[in-house]
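Pasting structure_39.txt here (compact mmCIF, C-alpha atoms):
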```
# COMPACT_ATOMS: atom_id res chain seq x y z
CA MET J 1 -22.56 -11.71 4.58
CA SER J 2 -23.30 -12.99 8.08
CA GLY J 3 -21.99 -11.44 11.26
CA ARG J 4 -22.30 -11.09 15.01
CA SER J 5 -22.75 -8.07 17.27
CA ALA J 6 -21.31 -7.17 20.65
CA SER J 7 -22.23 -4.79 23.46
CA SER J 8 -21.21 -1.20 22.81
CA GLY J 9 -18.47 0.83 24.50
CA VAL J 10 -16.49 3.96 23.74
CA LEU J 11 -12.86 4.48 22.76
CA THR J 12 -11.48 8.01 23.11
CA PRO J 13 -9.07 9.69 20.65
CA GLU J 14 -6.33 9.18 23.24
CA GLU J 15 -7.09 5.46 23.12
CA TRP J 16 -6.87 5.52 19.30
CA ILE J 17 -3.31 6.77 19.70
CA ALA J 18 -2.62 4.04 22.26
CA ILE J 19 -3.92 1.50 19.74
CA ARG J 20 -1.56 2.86 17.08
CA ARG J 21 1.41 2.63 19.43
CA HIS J 22 0.48 -0.89 20.54
CA LEU J 23 0.39 -2.01 16.92
CA HIS J 24 3.64 -0.20 16.18
CA GLN J 25 5.38 -2.05 18.98
CA ARG J 26 4.15 -5.45 17.77
CA PRO J 27 4.52 -5.46 13.97
CA GLU J 28 3.69 -8.56 11.94
CA LEU J 29 4.75 -9.24 8.37
CA SER J 30 2.48 -9.77 5.38
CA GLY J 31 0.34 -12.87 5.79
CA GLU J 32 1.39 -13.27 9.45
CA GLU J 33 -0.90 -10.68 11.07
CA TYR J 34 -2.51 -13.09 13.55
CA GLU J 35 -2.04 -11.12 16.79
CA THR J 36 -2.83 -7.87 14.98
CA THR J 37 -6.11 -9.34 13.73
CA ASP J 38 -7.08 -10.62 17.19
CA TYR J 39 -6.25 -7.27 18.76
CA LEU J 40 -8.32 -5.28 16.26
CA ARG J 41 -11.18 -7.75 16.56
CA ALA J 42 -11.23 -7.17 20.33
CA LYS J 43 -11.28 -3.39 19.91
CA LEU J 44 -14.17 -3.57 17.45
CA ALA J 45 -16.07 -5.88 19.78
CA ARG J 46 -15.55 -3.40 22.61
CA ILE J 47 -17.32 -0.62 20.70
CA GLY J 48 -20.09 -2.96 19.60
CA VAL J 49 -19.23 -3.24 15.91
CA ARG J 50 -20.64 -6.25 14.11
CA LEU J 51 -17.94 -8.69 12.96
CA VAL J 52 -18.42 -10.52 9.67
CA GLU J 53 -17.46 -14.17 9.37
CA THR J 54 -15.21 -14.62 6.32
CA GLY J 55 -12.84 -17.53 6.91
CA LEU J 56 -9.84 -15.23 6.42
CA LYS J 57 -6.68 -16.38 8.25
CA THR J 58 -5.59 -12.79 8.87
CA GLY J 59 -7.40 -9.51 8.44
CA LEU J 60 -11.08 -9.00 9.14
CA ILE J 61 -14.30 -7.43 7.94
CA ALA J 62 -16.86 -5.65 10.11
CA GLU J 63 -20.02 -3.63 9.54
CA ILE J 64 -21.88 -0.69 11.05
CA GLY J 65 -25.50 0.00 10.16
CA SER J 66 -28.73 -1.89 9.67
CA GLY J 67 -27.49 -4.03 6.80
CA ALA J 68 -30.09 -2.44 4.54
CA GLY J 69 -29.58 0.24 1.90
CA PRO J 70 -26.34 1.13 0.10
CA ILE J 71 -22.94 -0.01 1.35
CA VAL J 72 -19.72 2.01 1.54
CA ALA J 73 -16.45 0.27 2.38
CA LEU J 74 -13.59 1.85 4.36
CA ARG J 75 -10.23 0.10 4.08
CA ALA J 76 -7.04 0.07 6.17
CA ASP J 77 -3.97 -2.16 5.68
CA ILE J 78 -2.37 -3.79 8.73
CA ASP J 79 0.93 -5.49 7.76
CA ALA J 80 4.50 -4.40 8.56
CA LEU J 81 7.85 -4.59 6.77
CA PRO J 82 11.04 -6.69 7.24
CA ILE J 83 13.05 -3.67 8.43
CA GLU J 84 15.08 -3.22 11.61
CA GLU J 85 13.64 -0.19 13.42
CA ALA J 86 15.99 2.70 14.17
CA THR J 87 13.64 5.31 15.66
CA GLY J 88 14.61 4.98 19.33
CA LEU J 89 10.96 5.48 20.29
CA PRO J 90 9.71 4.19 23.65
CA TYR J 91 7.15 2.14 21.71
CA ALA J 92 9.60 0.90 19.05
CA SER J 93 9.20 -2.59 17.64
CA ILE J 94 9.93 -5.40 20.09
CA HIS J 95 10.32 -7.83 17.17
CA PRO J 96 13.83 -7.73 15.64
CA GLY J 97 13.84 -7.17 11.89
CA ARG J 98 10.19 -6.11 11.75
CA MET J 99 8.82 -2.60 11.71
CA HIS J 100 5.75 -0.55 10.84
CA ALA J 101 7.84 1.57 8.48
CA CYS J 102 4.93 2.50 6.22
CA GLY J 103 2.38 3.62 8.81
CA HIS J 104 -0.10 0.78 8.48
CA ASP J 105 -0.45 0.92 12.28
CA PHE J 106 -1.70 4.50 11.81
CA HIS J 107 -4.14 3.42 9.11
CA ALA J 108 -5.62 0.66 11.30
CA ALA J 109 -5.98 2.98 14.30
CA ALA J 110 -7.61 5.66 12.14
CA LEU J 111 -10.17 3.13 10.91
CA ILE J 112 -10.89 2.12 14.51
CA GLY J 113 -11.43 5.81 15.25
CA ALA J 114 -13.73 6.18 12.26
CA ALA J 115 -15.64 3.08 13.37
CA GLN J 116 -16.12 4.63 16.81
CA ARG J 117 -17.49 7.87 15.32
CA LEU J 118 -19.82 5.98 12.99
CA LYS J 119 -21.02 3.60 15.70
CA LEU J 120 -22.13 6.56 17.82
CA ARG J 121 -24.27 7.71 14.85
CA GLU J 122 -25.36 4.27 13.69
CA ALA J 123 -29.07 5.08 13.92
CA GLU J 124 -28.58 7.94 11.43
CA LEU J 125 -26.80 5.92 8.77
CA PRO J 126 -28.71 5.73 5.46
CA GLY J 127 -27.11 2.37 4.78
CA THR J 128 -24.16 0.29 5.93
CA VAL J 129 -20.45 1.02 6.37
CA ARG J 130 -18.22 -2.01 5.83
CA LEU J 131 -14.80 -1.92 7.49
CA LEU J 132 -11.96 -3.73 5.74
CA PHE J 133 -8.84 -4.39 7.83
CA GLN J 134 -6.66 -5.79 5.06
CA PRO J 135 -3.57 -7.98 5.44
CA ASP J 136 -0.73 -8.47 2.98
CA GLU J 137 -0.65 -5.09 1.26
CA GLU J 138 3.13 -4.97 1.01
CA ARG J 139 3.10 -8.08 -1.22
CA ALA J 140 0.04 -6.76 -3.12
CA LYS J 141 -2.00 -9.87 -2.27
CA GLY J 142 -4.38 -8.79 0.49
CA ALA J 143 -6.93 -6.82 -1.52
CA GLN J 144 -7.60 -9.77 -3.79
CA GLN J 145 -7.94 -12.04 -0.76
CA LEU J 146 -10.62 -9.77 0.71
CA ILE J 147 -12.39 -9.44 -2.63
CA ALA J 148 -12.52 -13.25 -2.88
CA ALA J 149 -13.96 -13.32 0.66
CA GLY J 150 -16.86 -11.10 -0.43
CA ALA J 151 -15.58 -7.74 0.82
CA LEU J 152 -17.11 -5.82 -2.11
CA GLU J 153 -20.47 -7.61 -2.29
CA GLY J 154 -23.09 -4.88 -2.64
CA VAL J 155 -20.53 -2.09 -2.18
CA GLY J 156 -21.18 1.16 -4.06
CA ALA J 157 -17.95 2.95 -3.13
CA VAL J 158 -14.65 2.12 -1.42
CA ILE J 159 -12.48 4.64 0.42
CA GLY J 160 -8.97 4.37 1.83
CA GLN J 161 -6.14 6.60 2.92
CA HIS J 162 -2.37 6.60 3.36
CA ASN J 163 -0.22 8.70 5.62
CA LYS J 164 2.08 11.14 3.79
CA PRO J 165 5.11 12.16 5.88
CA ASP J 166 6.07 15.04 3.58
CA LEU J 167 2.69 16.73 4.10
CA PRO J 168 2.08 18.62 7.37
CA VAL J 169 -0.52 17.54 9.90
CA GLY J 170 -3.86 19.16 9.03
CA THR J 171 -3.33 18.69 5.29
CA VAL J 172 -4.99 16.12 3.05
CA GLY J 173 -3.95 15.32 -0.51
CA ILE J 174 -6.96 14.86 -2.80
CA ALA J 175 -6.92 14.32 -6.56
CA ALA J 176 -9.12 12.75 -9.19
CA GLY J 177 -7.65 10.33 -11.72
CA PRO J 178 -4.35 8.41 -11.38
CA ILE J 179 -2.57 9.15 -8.07
CA MET J 180 -0.37 6.07 -7.50
CA ALA J 181 1.54 4.01 -10.00
CA ALA J 182 1.14 0.58 -11.48
CA SER J 183 4.02 -1.61 -10.39
CA ASP J 184 5.76 -4.71 -11.72
CA GLY J 185 8.85 -6.48 -10.45
CA PHE J 186 11.37 -7.96 -12.87
CA THR J 187 14.10 -10.58 -12.86
CA VAL J 188 16.59 -10.59 -15.72
CA THR J 189 18.75 -13.69 -16.09
CA VAL J 190 21.92 -13.02 -18.07
CA LYS J 191 23.54 -16.21 -19.37
CA GLY J 192 27.22 -16.20 -20.38
CA THR J 193 30.05 -18.74 -20.27
CA ALA J 194 32.16 -19.26 -17.15
CA THR J 195 35.93 -19.01 -17.30
CA HIS J 196 39.00 -18.35 -15.18
CA ALA J 197 39.25 -14.66 -14.31
CA ALA J 198 42.77 -14.63 -15.77
CA VAL J 199 41.53 -15.59 -19.24
CA PRO J 200 38.23 -13.70 -19.75
CA GLU J 201 38.49 -14.06 -23.53
CA ALA J 202 37.78 -17.78 -23.12
CA GLY J 203 34.30 -17.10 -21.78
CA ILE J 204 31.39 -14.68 -22.06
CA ASP J 205 31.23 -12.36 -19.05
CA PRO J 206 27.63 -12.00 -17.73
CA ILE J 207 28.75 -9.37 -15.20
CA VAL J 208 30.03 -6.96 -17.85
CA THR J 209 26.86 -7.65 -19.85
CA ALA J 210 24.67 -6.99 -16.78
CA ALA J 211 26.55 -3.76 -16.01
CA HIS J 212 25.87 -2.44 -19.52
CA LEU J 213 22.28 -3.59 -19.23
CA VAL J 214 21.76 -1.59 -16.02
CA THR J 215 22.87 1.55 -17.83
CA ALA J 216 20.91 0.83 -21.00
CA LEU J 217 17.65 0.21 -19.14
CA GLN J 218 17.75 3.77 -17.80
CA THR J 219 17.26 5.04 -21.36
CA ILE J 220 13.69 3.72 -21.35
CA THR J 221 12.41 6.61 -19.23
CA GLY J 222 14.97 9.04 -20.65
CA ARG J 223 14.50 8.33 -24.37
CA SER J 224 11.70 5.85 -25.12
CA ILE J 225 8.93 7.21 -22.87
CA SER J 226 7.80 10.84 -22.84
CA ALA J 227 8.67 12.86 -19.74
CA GLN J 228 4.98 13.74 -19.54
CA ASP J 229 4.12 10.07 -19.01
CA ARG J 230 5.89 9.84 -15.62
CA ALA J 231 7.57 6.45 -15.34
CA VAL J 232 10.34 4.82 -13.31
CA VAL J 233 12.74 1.95 -14.06
CA SER J 234 14.87 0.93 -11.07
CA VAL J 235 17.39 -1.91 -10.85
CA THR J 236 17.62 -2.73 -7.14
CA GLN J 237 19.73 -5.91 -7.07
CA LEU J 238 22.60 -7.41 -9.08
CA HIS J 239 23.87 -10.88 -8.12
CA ALA J 240 26.70 -12.81 -9.78
CA GLY J 241 29.54 -15.12 -8.86
CA ASN J 242 30.75 -16.62 -5.59
CA THR J 243 34.52 -16.29 -5.61
CA TRP J 244 37.24 -13.80 -6.62
CA ASN J 245 38.98 -15.62 -9.47
CA VAL J 246 36.11 -17.08 -11.51
CA ILE J 247 33.94 -15.29 -14.04
CA PRO J 248 30.54 -16.97 -13.51
CA ASP J 249 28.15 -18.11 -16.19
CA THR J 250 25.09 -16.26 -14.84
CA ALA J 251 24.15 -12.83 -13.48
CA LEU J 252 20.76 -11.84 -12.09
CA LEU J 253 19.16 -8.39 -12.07
CA HIS J 254 16.07 -7.55 -10.00
CA GLY J 255 14.06 -4.36 -9.83
CA THR J 256 10.80 -2.62 -10.56
CA ILE J 257 9.01 -0.48 -13.15
CA ARG J 258 6.34 2.08 -12.29
CA SER J 259 3.91 4.13 -14.37
CA PHE J 260 0.54 5.84 -14.02
CA ASP J 261 -1.02 4.50 -17.23
CA GLU J 262 -1.56 0.90 -18.36
CA SER J 263 -0.62 1.66 -21.99
CA VAL J 264 2.63 3.32 -20.88
CA HIS J 265 3.29 0.29 -18.70
CA ALA J 266 2.93 -1.99 -21.71
CA ARG J 267 5.35 0.16 -23.76
CA ILE J 268 7.93 0.02 -20.98
CA LYS J 269 7.73 -3.78 -20.87
CA ALA J 270 8.11 -4.08 -24.63
CA ARG J 271 11.11 -1.74 -24.74
CA PHE J 272 12.63 -3.49 -21.71
CA ALA J 273 12.60 -6.84 -23.54
CA GLU J 274 14.14 -5.29 -26.65
CA ILE J 275 16.99 -3.69 -24.70
CA ALA J 276 17.69 -6.79 -22.61
CA GLY J 277 17.90 -8.99 -25.69
CA GLY J 278 19.91 -6.51 -27.71
CA VAL J 279 22.51 -5.70 -25.07
CA ALA J 280 23.02 -9.37 -24.24
CA ALA J 281 23.43 -10.26 -27.93
CA ALA J 282 26.03 -7.51 -28.37
CA PHE J 283 28.22 -9.29 -25.82
CA GLY J 284 27.47 -12.80 -27.06
CA ALA J 285 25.29 -13.54 -24.04
CA GLU J 286 21.58 -14.29 -23.65
CA ALA J 287 19.03 -12.53 -21.45
CA SER J 288 15.57 -13.64 -20.35
CA VAL J 289 13.08 -11.43 -18.52
CA ARG J 290 10.51 -12.63 -15.98
CA TRP J 291 7.83 -10.30 -14.61
CA SER J 292 6.11 -10.57 -11.23
CA GLY J 293 2.81 -8.77 -11.63
CA GLY J 294 1.98 -5.95 -9.24
CA PRO J 295 -1.11 -3.80 -8.83
CA PRO J 296 -2.49 -1.49 -11.53
CA PRO J 297 -2.52 2.29 -10.96
CA VAL J 298 -4.69 3.79 -8.23
CA VAL J 299 -7.27 5.85 -10.11
CA ASN J 300 -9.62 8.03 -8.07
CA ASP J 301 -13.29 8.58 -8.89
CA ALA J 302 -13.96 12.26 -9.67
CA GLU J 303 -17.26 12.47 -7.73
CA LEU J 304 -15.71 10.93 -4.62
CA ALA J 305 -12.75 13.32 -4.88
CA GLU J 306 -15.20 16.25 -5.00
CA LEU J 307 -16.99 14.87 -1.94
CA ALA J 308 -13.66 14.52 -0.10
CA ARG J 309 -12.80 18.16 -0.73
CA ALA J 310 -16.15 19.22 0.74
CA CYS J 311 -15.64 16.99 3.80
CA ALA J 312 -12.09 18.28 4.33
CA ASP J 313 -13.27 21.90 4.13
CA ARG J 314 -16.00 21.17 6.67
CA LEU J 315 -13.42 19.68 9.05
CA GLY J 316 -11.07 22.64 8.64
CA LEU J 317 -8.39 20.64 6.84
CA HIS J 318 -6.14 22.16 4.18
CA VAL J 319 -6.55 20.46 0.80
CA ALA J 320 -3.44 19.91 -1.30
CA SER J 321 -4.49 19.17 -4.87
CA GLY J 322 -2.62 17.10 -7.42
CA ILE J 323 -0.59 15.07 -4.90
CA THR J 324 0.59 11.82 -6.50
CA SER J 325 3.17 9.13 -5.73
CA PRO J 326 5.08 6.64 -7.92
CA ALA J 327 4.69 4.08 -5.15
CA SER J 328 2.05 1.40 -5.73
CA GLU J 329 -0.93 0.23 -3.69
CA ASP J 330 -3.13 -2.84 -4.00
CA PHE J 331 -6.11 -0.59 -3.16
CA ALA J 332 -6.19 -0.34 -6.97
CA PHE J 333 -7.70 -3.84 -7.16
CA TYR J 334 -10.80 -2.60 -5.29
CA GLN J 335 -11.11 0.30 -7.74
CA GLN J 336 -11.20 -2.15 -10.63
CA LYS J 337 -14.49 -3.44 -9.17
CA VAL J 338 -16.23 -0.35 -7.72
CA PRO J 339 -15.70 3.44 -7.70
CA GLY J 340 -13.00 4.28 -5.19
CA LEU J 341 -11.08 7.10 -3.55
CA PHE J 342 -7.61 7.00 -1.98
CA LEU J 343 -6.42 9.97 0.09
CA PHE J 344 -3.06 11.19 1.40
CA VAL J 345 -3.13 12.38 5.03
CA GLY J 346 -0.34 14.66 6.21
CA THR J 347 1.63 13.29 9.17
CA SER J 348 4.68 15.63 9.39
CA GLY J 349 7.26 12.84 9.26
CA SER J 350 11.01 13.32 8.95
CA GLN J 351 11.63 10.23 6.78
CA GLU J 352 10.00 8.70 3.72
CA TRP J 353 8.04 5.42 3.77
CA HIS J 354 10.12 2.24 4.32
CA HIS J 355 12.97 4.08 6.10
CA PRO J 356 14.30 2.48 9.34
CA ALA J 357 13.72 5.78 11.17
CA PHE J 358 10.23 6.35 9.73
CA GLU J 359 7.87 7.99 12.21
CA LEU J 360 4.74 10.10 12.08
CA ASP J 361 2.90 12.61 14.23
CA ASP J 362 0.07 10.99 16.20
CA SER J 363 -1.80 14.30 16.32
CA ALA J 364 -2.92 13.58 12.74
CA LEU J 365 -4.94 10.58 13.90
CA PRO J 366 -8.20 12.29 15.03
CA ASP J 367 -8.49 14.21 11.75
CA ALA J 368 -7.80 11.06 9.73
CA ALA J 369 -10.55 9.20 11.61
CA ALA J 370 -12.99 12.10 11.26
CA LEU J 371 -12.37 12.42 7.54
CA LEU J 372 -12.98 8.70 6.94
CA ALA J 373 -16.20 8.80 8.95
CA ASP J 374 -17.51 11.93 7.23
CA LEU J 375 -16.66 10.53 3.82
CA ALA J 376 -18.57 7.34 4.60
CA LEU J 377 -21.61 9.35 5.65
CA GLY J 378 -21.42 11.56 2.56
CA ALA J 379 -20.96 8.64 0.19
CA LEU J 380 -23.88 6.77 1.74
CA ALA J 381 -26.09 9.86 1.32
CA ARG J 382 -25.14 10.18 -2.36
CA LEU J 383 -25.74 6.51 -3.03
CA SER J 384 -29.12 6.70 -1.24
CA ASP J 385 -30.15 9.65 -3.43
CA LYS J 386 -29.36 7.61 -6.56
CA GLN J 387 -31.49 4.64 -5.52
```
Reformat the file's structure so that it appears as structure tokens.
Amino acid sequence: MSGRSASSGVLTPEEWIAIRRHLHQRPELSGEEYETTDYLRAKLARIGVRLVETGLKTGLIAEIGSGAGPIVALRADIDALPIEEATGLPYASIHPGRMHACGHDFHAAALIGAAQRLKLREAELPGTVRLLFQPDEERAKGAQQLIAAGALEGVGAVIGQHNKPDLPVGTVGIAAGPIMAASDGFTVTVKGTATHAAVPEAGIDPIVTAAHLVTALQTITGRSISAQDRAVVSVTQLHAGNTWNVIPDTALLHGTIRSFDESVHARIKARFAEIAGGVAAAFGAEASVRWSGGPPPVVNDAELAELARACADRLGLHVASGITSPASEDFAFYQQKVPGLFLFVGTSGSQEWHHPAFELDDSALPDAAALLADLALGALARLSDKQ
């Protein structure tokens, strides 16, 4: 991968926080992160980090180190959500209907902080650290875009992190194995026969069918999948009809399934199709299911998890073991290619991800940056020893 260098400067931890707040105030949706990309590019150039030419429309790749030896990648996502902010913060979003409600602004600023720490020690690096500022995570497309652009060429390990509002600042969640769920979206089309609302017996009601289907689908996790297999089936939308006195011919259900194991995921899909077809047939209707593929589970490498615990101890951070989430992350696509580690960083928030009042504690930022930088150094050392 080719790149260009710039003269070196220094950004302080206070400036990392200012970067986070700047990004928070100017959120951009998935695939639209043009100003965000330009802003991050300028900050990296200021501290003298080498930018890699990729042809990406949004997002960017940069490198620290000689370019020789092993390569470790650090990843942060940069996109926002279509949510109207309700925090009342002085640096709240200035773009109506857009908000950094998942903390990707924090992730990007933490990676800038890690880049600063690594740049100051560049001469000591036993290899190269590749920085991945990834767009389009919320639609689970960005990781594959970066992979296609060569982000993992020569990479021996990839490391990322996500803020965790229900963990206190100074705590990091570290676990080996599956820590975030595979995710798929679904659309169920229920076909009936339209009729006047006064004579329902003359038609086949797709709304009644859909209502029974919503209830029946909940039995998948309650009765068809073991409680030990941790899975979720959620219907999040039901659309039917357009007036008060007509039973329509079609109803649509949308939602998601989540699980931590690919084989469990396959069983959920199979049972889902059986229930949809059976319930619809019982009411004389028809049901078809369409899946929109999401990412596989995030599965952490055991050696990298061990390294992370050692780094966290060295930095004086409290380690919370066994922390998992049924949310999904397209970081999993990187882990399908190379060993990877995804961490949860405590941010003492009052609301969960994707809430209009989501906020986090900026005091977590220096520790998040330090942990990423130390992990990169440790992973490079291990990879160097294996060569």
Can I get the residues of segment 142-209 of chain J within 12 Å of segment 224-236 of chain J, each with the closest pair of atoms and their distance in Å to one decimal, using all atoms listed in the file, sorted chain first then ascending number, as CSV?
```
residue,atom,partner,partner_atom,distance
J:Pro178,CA,J:Arg230,CA,11.2
J:Ile179,CA,J:Arg230,CA,11.4
J:Met180,CA,J:Arg230,CA,10.9
J:Ala181,CA,J:Ala231,CA,8.4
J:Ala182,CA,J:Ala231,CA,9.5
J:Ser183,CA,J:Val232,CA,9.5
J:Asp184,CA,J:Val233,CA,9.9
J:Gly185,CA,J:Ser234,CA,9.6
J:Phe186,CA,J:Val235,CA,8.8
J:Thr187,CA,J:Val235,CA,9.5
J:Val188,CA,J:Val235,CA,10.0
```
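The nearest approach to Phe106 of chain J among the residues J:Ser384, J:Thr54, J:Thr12, J:Asn163, with only C-alpha atoms taken into account, belongs to J:Asn163.
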Find the spatial neighbours of segment 17-33 of chain J, counting only C-alpha atoms, within a cut-off of 8 Å - ignore same-chain residues fewer than 2 positions away - and output them as a ChimeraX atom specification. /J:13-15,35-37,58-59,78-82,91-95,98-100,105-106,108-109,135-139,362,365
I'd like the contact shell of Arg271 of chain J - 10 Å cut-off, only C-alpha atoms, skipping same-chain residues fewer than 2 positions apart - returned as a JSON list (two decimals) with C-alpha atoms, keeping the file's coordinate frame.
```json
[["chain", "number", "residue", "atom", "x", "y", "z"],
["J", 217, "LEU", "CA", 17.65, 0.21, -19.14],
["J", 219, "THR", "CA", 17.26, 5.04, -21.36],
["J", 220, "ILE", "CA", 13.69, 3.72, -21.35],
["J", 224, "SER", "CA", 11.70, 5.85, -25.12],
["J", 225, "ILE", "CA", 8.93, 7.21, -22.87],
["J", 266, "ALA", "CA", 2.93, -1.99, -21.71],
["J", 267, "ARG", "CA", 5.35, 0.16, -23.76],
["J", 268, "ILE", "CA", 7.93, 0.02, -20.98],
["J", 269, "LYS", "CA", 7.73, -3.78, -20.87],
["J", 273, "ALA", "CA", 12.60, -6.84, -23.54],
["J", 274, "GLU", "CA", 14.14, -5.29, -26.65],
["J", 275, "ILE", "CA", 16.99, -3.69, -24.70],
["J", 276, "ALA", "CA", 17.69, -6.79, -22.61],
["J", 277, "GLY", "CA", 17.90, -8.99, -25.69]]
```
One number please: atom CA of Leu125 of chain J to atom CA of Ala157 of chain J, in Å, one decimal. 15.1 Å
May I ask for the distance between atom CA of Gly278 of chain J and atom CA of Leu213 of chain J, given in Å to one decimal place? 9.3 Å
Quick one: of J:Leu315, J:Ala216, J:Ala149, J:Ile323, who's nearest to Ala370 of chain J, counting all atoms listed in the file? J:Leu315
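Across the model, the gap from atom CA of Ala42 of chain J to atom CA of Leu74 of chain J is 18.5 Å.
With all atoms listed in the file as the atoms that count, the residue of J:Ala211, J:Val190, J:Ala202, J:Ala368 with the shortest distance to Glu286 of chain J is J:Val190.
Comparing the minimum interatomic distances between Gly203 of chain J and each of J:Ala287, J:Ala373, J:Ala175, J:Val246, counting all atoms listed in the file, we find that J:Val246 sits nearest.
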Which is closer to Leu131 of chain J than all the others in J:Leu252, J:Ile207, J:Leu152, J:Ile174, using only C-alpha atoms? J:Leu152
Protein, DNA and RNA residues within 8 Å of (4.7, 10.8, 9.2), all atoms listed in the file, as a ChimeraX atom specification: /J:103,163-166,346-352,358-361
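The smallest atom-to-atom distance between Gly69 of chain J and any of J:Gln387, J:Ser288, J:Thr324, J:Gln145, using all atoms listed in the file, is found for J:Gln387.
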Taking the structure in the block just given, could you write segment 227-241 of chain J with N, CA, C and O atoms, as a PDB file, in the first residue's frame?
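Now in decode.pdb:
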```pdb
ATOM      1  N   ALA J 227     -32.142 -22.148  26.153  1.00  0.00           N
ATOM      2  CA  ALA J 227     -31.828 -20.901  26.846  1.00  0.00           C
ATOM      3  C   ALA J 227     -30.322 -20.689  26.956  1.00  0.00           C
ATOM      4  O   ALA J 227     -29.841 -19.563  27.060  1.00  0.00           O
ATOM      5  N   GLN J 228     -29.562 -21.776  26.912  1.00  0.00           N
ATOM      6  CA  GLN J 228     -28.106 -21.660  26.993  1.00  0.00           C
ATOM      7  C   GLN J 228     -27.488 -21.139  25.704  1.00  0.00           C
ATOM      8  O   GLN J 228     -26.330 -20.752  25.684  1.00  0.00           O
ATOM      9  N   ASP J 229     -28.277 -21.131  24.625  1.00  0.00           N
ATOM     10  CA  ASP J 229     -27.749 -20.693  23.330  1.00  0.00           C
ATOM     11  C   ASP J 229     -27.926 -19.197  23.077  1.00  0.00           C
ATOM     12  O   ASP J 229     -27.525 -18.695  22.034  1.00  0.00           O
ATOM     13  N   ARG J 230     -28.541 -18.480  23.957  1.00  0.00           N
ATOM     14  CA  ARG J 230     -28.653 -17.016  23.901  1.00  0.00           C
ATOM     15  C   ARG J 230     -29.002 -16.510  22.502  1.00  0.00           C
ATOM     16  O   ARG J 230     -28.140 -16.327  21.657  1.00  0.00           O
ATOM     17  N   ALA J 231     -30.268 -16.275  22.266  1.00  0.00           N
ATOM     18  CA  ALA J 231     -30.733 -15.794  20.976  1.00  0.00           C
ATOM     19  C   ALA J 231     -31.880 -14.808  21.180  1.00  0.00           C
ATOM     20  O   ALA J 231     -32.537 -14.801  22.224  1.00  0.00           O
ATOM     21  N   VAL J 232     -32.106 -13.981  20.171  1.00  0.00           N
ATOM     22  CA  VAL J 232     -33.156 -12.970  20.214  1.00  0.00           C
ATOM     23  C   VAL J 232     -33.912 -12.987  18.893  1.00  0.00           C
ATOM     24  O   VAL J 232     -33.291 -13.060  17.818  1.00  0.00           O
ATOM     25  N   VAL J 233     -35.246 -12.918  18.970  1.00  0.00           N
ATOM     26  CA  VAL J 233     -36.091 -12.672  17.800  1.00  0.00           C
ATOM     27  C   VAL J 233     -36.945 -11.451  18.130  1.00  0.00           C
ATOM     28  O   VAL J 233     -37.717 -11.480  19.094  1.00  0.00           O
ATOM     29  N   SER J 234     -36.811 -10.386  17.355  1.00  0.00           N
ATOM     30  CA  SER J 234     -37.563  -9.159  17.619  1.00  0.00           C
ATOM     31  C   SER J 234     -38.272  -8.686  16.360  1.00  0.00           C
ATOM     32  O   SER J 234     -37.628  -8.458  15.331  1.00  0.00           O
ATOM     33  N   VAL J 235     -39.604  -8.560  16.449  1.00  0.00           N
ATOM     34  CA  VAL J 235     -40.380  -7.914  15.391  1.00  0.00           C
ATOM     35  C   VAL J 235     -40.435  -6.433  15.730  1.00  0.00           C
ATOM     36  O   VAL J 235     -40.922  -6.047  16.795  1.00  0.00           O
ATOM     37  N   THR J 236     -39.954  -5.591  14.830  1.00  0.00           N
ATOM     38  CA  THR J 236     -39.827  -4.158  15.122  1.00  0.00           C
ATOM     39  C   THR J 236     -40.767  -3.278  14.309  1.00  0.00           C
ATOM     40  O   THR J 236     -40.918  -2.098  14.612  1.00  0.00           O
ATOM     41  N   GLN J 237     -41.380  -3.843  13.265  1.00  0.00           N
ATOM     42  CA  GLN J 237     -42.340  -3.076  12.464  1.00  0.00           C
ATOM     43  C   GLN J 237     -43.460  -3.999  11.983  1.00  0.00           C
ATOM     44  O   GLN J 237     -43.213  -5.165  11.671  1.00  0.00           O
ATOM     45  N   LEU J 238     -44.680  -3.438  11.919  1.00  0.00           N
ATOM     46  CA  LEU J 238     -45.813  -4.128  11.314  1.00  0.00           C
ATOM     47  C   LEU J 238     -46.588  -3.085  10.516  1.00  0.00           C
ATOM     48  O   LEU J 238     -47.051  -2.090  11.073  1.00  0.00           O
ATOM     49  N   HIS J 239     -46.691  -3.279   9.205  1.00  0.00           N
ATOM     50  CA  HIS J 239     -47.361  -2.327   8.320  1.00  0.00           C
ATOM     51  C   HIS J 239     -48.478  -3.032   7.552  1.00  0.00           C
ATOM     52  O   HIS J 239     -48.256  -4.096   6.967  1.00  0.00           O
ATOM     53  N   ALA J 240     -49.673  -2.406   7.551  1.00  0.00           N
ATOM     54  CA  ALA J 240     -50.788  -2.977   6.785  1.00  0.00           C
ATOM     55  C   ALA J 240     -51.880  -1.932   6.619  1.00  0.00           C
ATOM     56  O   ALA J 240     -52.177  -1.175   7.555  1.00  0.00           O
ATOM     57  N   GLY J 241     -52.468  -1.909   5.442  1.00  0.00           N
ATOM     58  CA  GLY J 241     -53.646  -1.082   5.221  1.00  0.00           C
ATOM     59  C   GLY J 241     -53.359   0.395   5.083  1.00  0.00           C
ATOM     60  O   GLY J 241     -52.275   0.877   5.436  1.00  0.00           O
TER      61      GLY J 241
END
```
